[in-house]
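Student: The structure file work.cif (mmCIF, C-alpha atoms) is provided below.
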data_target
#
loop_
_atom_site.label_atom_id
_atom_site.label_comp_id
_atom_site.auth_asym_id
_atom_site.auth_seq_id
_atom_site.Cartn_x
_atom_site.Cartn_y
_atom_site.Cartn_z
CA MET A 1 20.15 -19.09 9.04
CA ASP A 2 17.15 -21.17 8.01
CA LYS A 3 14.75 -18.52 9.32
CA PHE A 4 16.55 -15.76 7.42
CA ARG A 5 16.52 -17.93 4.29
CA MET A 6 12.77 -18.47 4.63
CA ILE A 7 12.17 -14.75 5.12
CA PHE A 8 14.30 -13.92 2.07
CA GLN A 9 12.46 -16.49 -0.07
CA PHE A 10 9.11 -15.06 1.05
CA LEU A 11 10.20 -11.54 0.16
CA GLN A 12 11.38 -12.74 -3.23
CA SER A 13 8.06 -14.46 -3.95
CA ASN A 14 6.01 -11.47 -2.82
CA GLN A 15 6.97 -8.39 -4.84
CA GLU A 16 5.07 -5.93 -2.64
CA SER A 17 6.53 -7.29 0.60
CA PHE A 18 9.99 -7.29 -0.96
CA MET A 19 9.75 -3.62 -1.93
CA ASN A 20 8.35 -2.70 1.51
CA GLY A 21 11.33 -4.46 3.08
CA ILE A 22 13.75 -2.60 0.80
CA CYS A 23 12.11 0.73 1.71
CA GLY A 24 12.33 -0.08 5.42
CA ILE A 25 16.02 -0.94 5.09
CA MET A 26 16.66 2.31 3.21
CA ALA A 27 14.84 4.30 5.91
CA LEU A 28 16.99 2.74 8.62
CA ALA A 29 20.07 3.29 6.47
CA SER A 30 19.23 6.99 6.01
CA ALA A 31 18.91 7.47 9.79
CA GLN A 32 22.20 5.63 10.32
CA MET A 33 23.88 7.70 7.62
CA TYR A 34 22.85 10.92 9.32
CA SER A 35 24.10 9.73 12.72
CA ALA A 36 27.45 8.84 11.15
CA PHE A 37 27.61 12.07 9.12
CA ASP A 38 30.06 14.69 10.40
CA PHE A 39 28.17 18.00 10.23
CA ASN A 40 30.60 20.91 9.89
CA CYS A 41 28.96 24.29 9.59
CA PRO A 42 31.22 26.81 7.74
CA CYS A 43 30.23 29.56 10.24
CA LEU A 44 30.45 32.25 7.55
CA PRO A 45 27.67 34.62 6.50
CA GLY A 46 26.19 33.60 3.17
CA TYR A 47 27.67 30.07 3.33
CA ASN A 48 25.74 28.75 6.31
CA ALA A 49 22.37 28.81 4.54
CA ALA A 50 23.74 27.23 1.35
CA TYR A 51 25.51 24.46 3.27
CA SER A 52 22.42 23.70 5.38
CA ALA A 53 20.13 23.68 2.33
CA GLY A 54 22.46 21.23 0.60
CA ILE A 55 22.50 18.90 3.62
CA LEU A 56 18.71 19.10 3.96
CA LEU A 57 17.81 18.61 0.27
CA ALA A 58 20.63 16.82 -1.58
CA PRO A 59 20.69 13.51 0.40
CA PRO A 60 16.86 13.12 0.23
CA LEU A 61 17.00 13.58 -3.54
CA VAL A 62 19.72 10.93 -3.80
CA LEU A 63 17.73 8.57 -1.57
CA PHE A 64 14.58 9.15 -3.63
CA LEU A 65 16.35 8.35 -6.90
CA LEU A 66 18.00 5.33 -5.28
CA GLY A 67 14.59 4.12 -4.13
CA LEU A 68 13.31 4.38 -7.70
CA VAL A 69 16.37 2.57 -9.07
CA LEU A 70 15.98 -0.32 -6.62
CA ASN A 71 12.32 -0.70 -7.58
CA ASN A 72 11.91 -3.31 -10.32
CA ASN A 73 8.72 -1.66 -11.51
CA VAL A 74 10.60 1.35 -12.92
CA SER A 75 11.65 -0.50 -16.06
CA MET A 76 8.18 -2.05 -16.30
CA LEU A 77 6.55 1.40 -16.08
CA ALA A 78 8.92 2.84 -18.69
CA GLU A 79 8.29 -0.10 -21.02
CA GLU A 80 4.52 0.18 -20.62
CA TRP A 81 4.63 3.94 -21.18
CA LYS A 82 6.83 3.88 -24.30
CA ARG A 83 5.59 0.71 -25.99
CA PRO A 84 3.46 1.00 -29.17
CA PRO A 85 -0.28 0.47 -28.52
CA GLY A 86 -0.55 -2.40 -31.02
CA SER A 87 -3.43 -4.76 -30.17
CA ARG A 88 -3.57 -3.51 -26.58
CA ALA A 89 -4.11 0.14 -25.81
CA LYS A 90 -2.42 1.73 -22.82
CA ASP A 91 -4.44 2.71 -19.75
CA PRO A 92 -3.30 6.00 -18.14
CA ALA A 93 -4.96 5.01 -14.86
CA VAL A 94 -2.72 1.95 -14.56
CA LEU A 95 0.38 4.01 -15.34
CA ARG A 96 -0.59 6.56 -12.70
CA TYR A 97 -1.17 3.82 -10.14
CA MET A 98 2.22 2.23 -10.85
CA PHE A 99 4.03 5.57 -10.60
CA CYS A 100 2.26 6.57 -7.38
CA SER A 101 3.00 3.19 -5.84
CA MET A 102 6.71 3.53 -6.64
CA ALA A 103 6.88 7.16 -5.52
CA GLN A 104 5.24 6.42 -2.17
CA ARG A 105 7.81 3.74 -1.35
CA ALA A 106 10.73 5.80 -2.64
CA LEU A 107 9.73 8.79 -0.47
CA ILE A 108 10.06 6.89 2.82
CA ALA A 109 13.84 7.24 3.14
CA PRO A 110 13.90 10.99 2.18
CA VAL A 111 11.14 11.72 4.68
CA VAL A 112 13.11 9.96 7.42
CA TRP A 113 16.22 11.98 6.54
CA VAL A 114 14.38 15.32 6.65
CA ALA A 115 12.63 14.41 9.91
CA VAL A 116 15.86 13.31 11.61
CA THR A 117 17.67 16.43 10.37
CA LEU A 118 15.01 18.78 11.74
CA LEU A 119 14.73 16.94 15.05
CA ASP A 120 18.50 17.05 15.52
CA GLY A 121 18.58 20.81 14.95
CA LYS A 122 22.17 21.25 13.73
CA CYS A 123 21.16 22.07 10.17
CA PHE A 124 18.52 24.60 11.27
CA LEU A 125 20.97 26.17 13.74
CA CYS A 126 23.57 26.61 11.02
CA ALA A 127 21.08 28.08 8.54
CA PHE A 128 19.30 30.61 10.78
CA CYS A 129 21.90 31.55 13.36
CA THR A 130 22.21 35.02 11.82
CA ALA A 131 18.46 35.59 12.32
CA VAL A 132 18.53 35.24 16.11
CA PRO A 133 16.71 38.18 17.79
CA VAL A 134 19.58 39.71 19.73
CA ALA A 135 17.38 42.40 21.23
CA ALA A 136 15.09 39.81 22.86
CA LEU A 137 17.65 37.15 23.86
CA GLY A 138 20.87 39.09 24.43
CA ASN A 139 22.27 42.47 25.31
CA GLY A 140 20.39 44.59 22.83
CA SER A 141 21.99 47.81 24.01
CA LEU A 142 25.35 46.76 22.55
CA ALA A 143 23.95 45.65 19.18
CA PRO A 144 23.62 49.16 17.67
CA GLY A 145 27.38 49.59 18.08
CA LEU A 146 27.98 46.93 15.41
CA THR A 147 27.42 47.31 11.71
CA PRO A 148 25.12 44.75 10.01
CA PRO A 149 28.04 42.89 8.37
CA GLU A 150 29.90 42.70 11.69
CA LEU A 151 26.78 41.49 13.51
CA ALA A 152 26.10 38.85 10.85
CA ARG A 153 29.73 37.69 11.00
CA LEU A 154 29.52 37.39 14.78
CA LEU A 155 26.22 35.51 14.83
CA ALA A 156 27.35 33.19 12.03
CA ARG A 157 29.88 31.72 14.48
CA VAL A 158 27.22 30.55 16.94
CA PRO A 159 27.27 26.90 15.63
CA CYS A 160 31.06 26.81 16.16
CA PRO A 161 31.85 26.96 19.90
CA GLU A 162 35.61 26.95 19.34
CA ILE A 163 35.59 30.26 17.44
CA TYR A 164 32.53 32.04 18.87
CA ASP A 165 33.53 35.09 20.89
CA GLY A 166 30.25 36.99 21.24
CA ASP A 167 29.13 36.01 24.73
CA TRP A 168 29.25 39.68 25.67
CA LEU A 169 26.44 40.26 23.13
CA LEU A 170 24.51 36.98 23.17
CA ALA A 171 25.15 33.82 25.15
CA ARG A 172 25.77 30.95 22.76
CA GLU A 173 23.74 28.44 24.80
CA VAL A 174 20.70 30.73 24.65
CA ALA A 175 20.86 30.99 20.84
CA VAL A 176 21.42 27.25 20.44
CA ARG A 177 18.46 26.34 22.64
CA TYR A 178 16.24 28.88 20.90
CA LEU A 179 16.97 27.63 17.38
CA ARG A 180 16.89 23.94 18.31
CA CYS A 181 13.45 24.34 19.90
CA ILE A 182 12.14 25.86 16.67
CA SER A 183 13.80 23.12 14.60
CA GLN A 184 12.32 20.34 16.72
CA ALA A 185 8.89 21.94 16.52
CA LEU A 186 9.20 22.01 12.73
CA GLY A 187 10.43 18.42 12.74
CA TRP A 188 7.48 17.08 14.73
CA SER A 189 5.09 19.14 12.59
CA PHE A 190 6.68 17.62 9.47
CA VAL A 191 6.30 14.10 10.89
CA LEU A 192 2.66 14.78 11.77
CA LEU A 193 1.82 16.19 8.34
CA THR A 194 3.51 13.36 6.44
CA THR A 195 1.77 10.78 8.63
CA LEU A 196 -1.62 12.37 8.01
CA LEU A 197 -0.91 12.61 4.28
CA ALA A 198 0.12 8.94 4.15
CA PHE A 199 -3.05 8.00 6.04
CA VAL A 200 -5.22 9.92 3.58
CA VAL A 201 -3.49 8.45 0.54
CA ARG A 202 -3.47 4.85 1.79
CA SER A 203 -6.84 4.72 3.54
CA VAL A 204 -9.23 7.48 2.55
CA ARG A 205 -8.55 7.93 -1.16
CA PRO A 206 -9.46 4.36 -2.26
CA CYS A 207 -12.84 4.69 -0.52
CA PHE A 208 -14.01 7.36 -2.96
CA THR A 209 -12.88 5.59 -6.16
CA GLN A 210 -12.92 1.97 -5.06
CA ALA A 211 -13.90 0.43 -8.42
CA ALA A 212 -11.34 2.37 -10.45
CA PHE A 213 -8.72 1.80 -7.74
CA LEU A 214 -9.25 -1.97 -7.73
CA LYS A 215 -9.12 -2.14 -11.53
CA SER A 216 -5.91 -0.14 -11.70
CA LYS A 217 -4.37 -2.28 -8.97
CA TYR A 218 -5.47 -5.51 -10.70
CA TRP A 219 -4.03 -4.61 -14.10
CA SER A 220 -0.85 -3.30 -12.50
CA HIS A 221 -0.32 -6.71 -10.90
CA TYR A 222 -1.25 -8.37 -14.19
CA ILE A 223 1.43 -6.45 -16.11
CA ASP A 224 4.02 -7.42 -13.51
CA ILE A 225 3.06 -11.12 -13.57
CA GLU A 226 2.81 -11.17 -17.36
CA ARG A 227 6.31 -9.79 -17.67
CA LYS A 228 7.70 -12.39 -15.24
CA LEU A 229 5.96 -15.27 -17.04
CA PHE A 230 7.19 -14.01 -20.41
CA ASP A 231 10.75 -13.86 -19.10
CA GLU A 232 10.44 -17.38 -17.68
CA THR A 233 9.05 -18.66 -20.99
CA CYS A 234 11.88 -16.97 -22.90
CA THR A 235 14.42 -18.54 -20.54
CA GLU A 236 12.88 -21.99 -21.01
CA HIS A 237 12.83 -21.58 -24.78
CA ALA A 238 16.42 -20.32 -24.84
CA LYS A 239 17.59 -23.34 -22.83
CA ALA A 240 15.79 -25.75 -25.14
CA PHE A 241 17.08 -23.91 -28.23
CA ALA A 242 20.66 -23.99 -26.94
CA LYS A 243 20.38 -27.66 -25.99
CA VAL A 244 19.13 -28.64 -29.44
CA CYS A 245 21.87 -26.61 -31.13
CA ILE A 246 24.55 -28.22 -28.98
CA GLN A 247 23.15 -31.72 -29.55
CA GLN A 248 23.05 -31.14 -33.29
CA PHE A 249 26.63 -29.89 -33.19
CA PHE A 250 27.85 -32.97 -31.35
CA GLU A 251 25.84 -35.23 -33.67
CA ALA A 252 27.54 -33.61 -36.64
CA MET A 253 30.89 -34.11 -34.94
CA ASN A 254 29.92 -37.71 -34.21
CA GLN A 255 29.22 -38.30 -37.88
CA ASP A 256 32.58 -36.79 -38.80
CA LEU A 257 34.28 -39.01 -36.24
CA GLU A 258 32.49 -42.08 -37.58
CA LEU A 259 33.48 -41.09 -41.11
CA GLY A 260 37.06 -40.70 -40.01
CA HIS A 261 36.97 -44.10 -38.32
CA THR A 262 35.75 -45.79 -41.50
CA HIS A 263 38.86 -44.41 -43.24
CA GLY A 264 41.09 -45.69 -40.43
CA VAL A 265 41.87 -42.27 -38.95
CA LEU A 266 40.31 -42.74 -35.48
CA SER A 267 39.75 -45.67 -33.16
CA PRO A 268 36.26 -47.08 -32.41
CA ALA A 269 36.41 -45.84 -28.81
CA THR A 270 36.59 -42.23 -29.98
CA ALA A 271 33.16 -42.19 -31.66
CA ALA A 272 30.07 -41.48 -29.50
CA PRO A 273 26.58 -42.75 -30.26
CA ALA A 274 23.94 -40.28 -31.38
CA SER A 275 20.89 -39.56 -29.26
CA PRO A 276 18.00 -38.44 -31.49
CA GLU A 277 15.48 -39.00 -28.66
CA GLY A 278 16.92 -36.06 -26.67
CA VAL A 279 16.79 -33.79 -29.68
CA THR A 280 13.16 -34.71 -30.38
CA GLU A 281 12.17 -34.07 -26.77
CA GLU A 282 13.79 -30.64 -26.73
CA ARG A 283 12.35 -29.76 -30.13
CA GLU A 284 8.84 -30.12 -28.67
CA LYS A 285 9.63 -27.34 -26.20
CA LEU A 286 10.56 -24.97 -29.03
CA ARG A 287 6.90 -24.77 -30.19
CA GLY A 288 7.90 -24.40 -33.84
CA ILE A 289 10.27 -21.47 -33.22
CA THR A 290 13.48 -23.05 -34.46
CA ASP A 291 15.57 -20.31 -36.05
CA GLN A 292 17.01 -16.94 -35.09
CA GLY A 293 14.87 -14.92 -37.49
CA THR A 294 11.64 -16.39 -36.14
CA VAL A 295 12.70 -15.69 -32.54
CA ASN A 296 13.56 -12.08 -33.38
CA LYS A 297 10.24 -11.64 -35.16
CA LEU A 298 8.35 -13.09 -32.20
CA LEU A 299 10.07 -10.73 -29.75
CA THR A 300 9.42 -7.76 -32.02
CA ASN A 301 5.74 -8.65 -32.33
CA TRP A 302 5.45 -9.03 -28.55
CA HIS A 303 6.82 -5.52 -28.10
CA LYS A 304 4.85 -3.85 -30.89
CA CYS A 305 1.48 -5.59 -30.59
CA LYS A 306 0.92 -7.49 -27.37
CA PRO A 307 -2.09 -9.83 -27.39
CA PRO A 308 -5.39 -8.24 -26.31
CA LEU A 309 -6.65 -8.97 -22.83
CA ARG A 310 -9.54 -11.11 -24.00
CA LEU A 311 -9.72 -14.85 -23.27
CA GLY A 312 -11.69 -17.48 -25.18
CA GLN A 313 -12.44 -15.26 -28.16
CA ASP A 314 -14.21 -16.92 -31.08
CA ALA A 315 -15.05 -13.82 -33.10
CA PRO A 316 -12.42 -11.42 -34.45
CA LEU A 317 -11.74 -8.41 -32.29
CA MET A 318 -13.20 -5.08 -33.29
CA GLY A 319 -11.22 -1.87 -33.35
CA ASN A 320 -12.17 -1.04 -29.78
CA GLY A 321 -11.14 -4.46 -28.41
CA TRP A 322 -14.59 -6.12 -28.19
CA ALA A 323 -15.37 -9.38 -29.96
CA GLY A 324 -18.59 -9.83 -31.84
CA GLU A 325 -20.62 -8.25 -34.60
CA GLY A 326 -21.25 -4.80 -33.17
CA PRO A 327 -18.87 -2.59 -31.24
CA ARG A 328 -19.52 -2.20 -27.54
CA PRO A 329 -18.22 1.02 -25.99
CA PRO A 330 -16.08 0.59 -22.88
CA ARG A 331 -16.93 2.15 -19.55
CA ARG A 332 -14.88 5.15 -18.56
CA GLU A 333 -13.22 3.64 -15.48
CA VAL A 334 -12.31 0.45 -17.35
CA ALA A 335 -10.41 2.40 -20.01
CA THR A 336 -9.04 -0.13 -22.55
CA TYR A 337 -8.46 -3.19 -20.33
CA PHE A 338 -11.13 -5.88 -20.68
CA SER A 339 -11.21 -9.44 -19.42
CA LYS A 340 -13.62 -12.27 -18.55
CA VAL A 341 -11.37 -13.68 -15.83
#
Output the structure of this file as structure tokens.

Tutor:
Amino acid sequence: MDKFRMIFQFLQSNQESFMNGICGIMALASAQMYSAFDFNCPCLPGYNAAYSAGILLAPPLVLFLLGLVLNNNVSMLAEEWKRPPGSRAKDPAVLRYMFCSMAQRALIAPVVWVAVTLLDGKCFLCAFCTAVPVAALGNGSLAPGLTPPELARLLARVPCPEIYDGDWLLAREVAVRYLRCISQALGWSFVLLTTLLAFVVRSVRPCFTQAAFLKSKYWSHYIDIERKLFDETCTEHAKAFAKVCIQQFFEAMNQDLELGHTHGVLSPATAAPASPEGVTEEREKLRGITDQGTVNKLLTNWHKCKPPLRLGQDAPLMGNGWAGEGPRPPRREVATYFSKV
């Protein structure tokens, strides 16, 4: 249990490793879901293709959306995209990097589902059983005696061995092997193409735009860390604010109790001594923000005009974000994010 606890704490401290672990678990869960799924082909012309398309496309879409929901950066991306520019302009390159990073992780489970479905072959067999070349695989001389609707109705029963009665025209095992071979070939081709695409995206693409890639990655991590630190600071301030309010409430009650004791209403053991030292200590953590209106104004200002990414500034900022007398145009790949860190 200690090892699992250490692994869980490490994943919690490392956001990227945590999301990679979540994506790996979802990929394994998608494969397990397919193995536990009871595939029942309707074996009717016109319904086989629709049923197979739903099984092949609907679960991957659900898994993709679930992967986005489980990613904590979705709310961060939406907040960064919809927030007012204020004192810090928005960088489209950072937004694109954040979205691509989330989409890549969320696509792992859908890709596993599609690959497992194609390699299994049941879905492909159900969808294309009516397209089996009877003339090449079966008794083609008997096929002209059937009308196209009758032939389609007969071939649509190939995935259902309990109701298929067309061995005199086409052996069911021959059709099943033929379609499953094609499905497995498509499945391995899909796995190969997605692997090559992932290799290009993860390895080759950053080599051509290394500077812009590193800057987008840096400011993406900065936005994530800034949000976490702001939440921690708000939590600390809220605890101090609540503690001071509670202490003031009990001090007021203490004064009422002492007043009641002086009039002979209560006994001396009922009154509690005041503790102004604790209130003073907690007041220092409030940093001058001591009422509800000021807190609401601070939160509104943080949302509307976040502080510019410029440390140690002595001169007022210009309209383009540079400090000093004359404006200094930013470089194209830097966009609007500047720092001396």

Student: Run the PyMOL selection byres ((chain A and resi 171-183) around 10) mentally over the shown coordinates, then write out the matched residues as a count of residues only, using the chain letters and numbers from the document.

Tutor: 41

Student: Starting from the displayed file, determine the output of the PyMOL selection byres ((chain A and resi 93) around 10) and express the residue list as a ChimeraX atom specification.

Tutor: /A:90-92,94-99,212-213,215-217,219-220,333-335

Student: Measuring between only C-alpha atoms, which one of A:Ile223, A:Ala106, A:Ala238, A:Ala53 shows the shortest distance to Leu65 (chain A)?

Tutor: A:Ala106

Student: As an exercise, work out the distance from CA of Leu196 (chain A) to CA of Ala103 (chain A) in Å and give it to one decimal place.

Tutor: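 Value for the CA of Leu196 (chain A)-CA of Ala103 (chain A) distance: 16.8 Å.
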
Student: May I ask which of the residues A:Cys43, A:Arg88, A:Asn72, A:Asp231 is the closest one to Glu162 (chain A), counting all atoms listed in the file?

Tutor: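 Distance minimum relative to Glu162 (chain A) lands on A:Cys43.
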
Student: So the first atom is CA of Gln247 (chain A) and the second is CA of Arg283 (chain A); what is the distance between them in Å, to one decimal place?

Tutor: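 Between these atoms lies a distance of 11.0 Å.
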
Student: Provide the CA of Arg287 (chain A) to CA of Arg227 (chain A) distance in Å, to one decimal place.

Tutor: 19.5 Å

Student: Hey, what's within 12 Å of Met33 (chain A) if we count all atoms listed in the file and toss same-chain stuff fewer than 2 positions away? As an mmCIF file with C-alpha atoms, keeping the file's coordinate frame, please?

Tutor:
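Output saved as part_7.cif:
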data_model
loop_
_atom_site.group_PDB
_atom_site.id
_atom_site.type_symbol
_atom_site.label_atom_id
_atom_site.label_comp_id
_atom_site.auth_asym_id
_atom_site.auth_seq_id
_atom_site.Cartn_x
_atom_site.Cartn_y
_atom_site.Cartn_z
ATOM 1 C CA ILE A 25 16.020 -0.940 5.090
ATOM 2 C CA MET A 26 16.660 2.310 3.210
ATOM 3 C CA ALA A 27 14.840 4.300 5.910
ATOM 4 C CA LEU A 28 16.990 2.740 8.620
ATOM 5 C CA ALA A 29 20.070 3.290 6.470
ATOM 6 C CA SER A 30 19.230 6.990 6.010
ATOM 7 C CA ALA A 31 18.910 7.470 9.790
ATOM 8 C CA SER A 35 24.100 9.730 12.720
ATOM 9 C CA ALA A 36 27.450 8.840 11.150
ATOM 10 C CA PHE A 37 27.610 12.070 9.120
ATOM 11 C CA ASP A 38 30.060 14.690 10.400
ATOM 12 C CA PHE A 39 28.170 18.000 10.230
ATOM 13 C CA ILE A 55 22.500 18.900 3.620
ATOM 14 C CA PRO A 59 20.690 13.510 0.400
ATOM 15 C CA PRO A 60 16.860 13.120 0.230
ATOM 16 C CA LEU A 63 17.730 8.570 -1.570
ATOM 17 C CA ALA A 109 13.840 7.240 3.140
ATOM 18 C CA PRO A 110 13.900 10.990 2.180
ATOM 19 C CA VAL A 112 13.110 9.960 7.420
ATOM 20 C CA TRP A 113 16.220 11.980 6.540
ATOM 21 C CA VAL A 116 15.860 13.310 11.610
ATOM 22 C CA THR A 117 17.670 16.430 10.370
#

Student: Mind listing whatever residues come within 12 Å of the point (14.0, -15.2, -30.1)? Use all atoms listed in the file, file coordinates, and give them as a list in words.

Tutor: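 Residues close enough to count: Phe230, Asp231, Thr233, Cys234, Thr235, Glu236, His237, Ala238, Lys239, Ala240, Phe241, Ala242, Leu286, Arg287, Gly288, Ile289, Thr290, Asp291, Gln292, Gly293, Thr294, Val295, Asn296, Lys297, Leu298, Leu299, Thr300, Asn301 and Trp302 of chain A.
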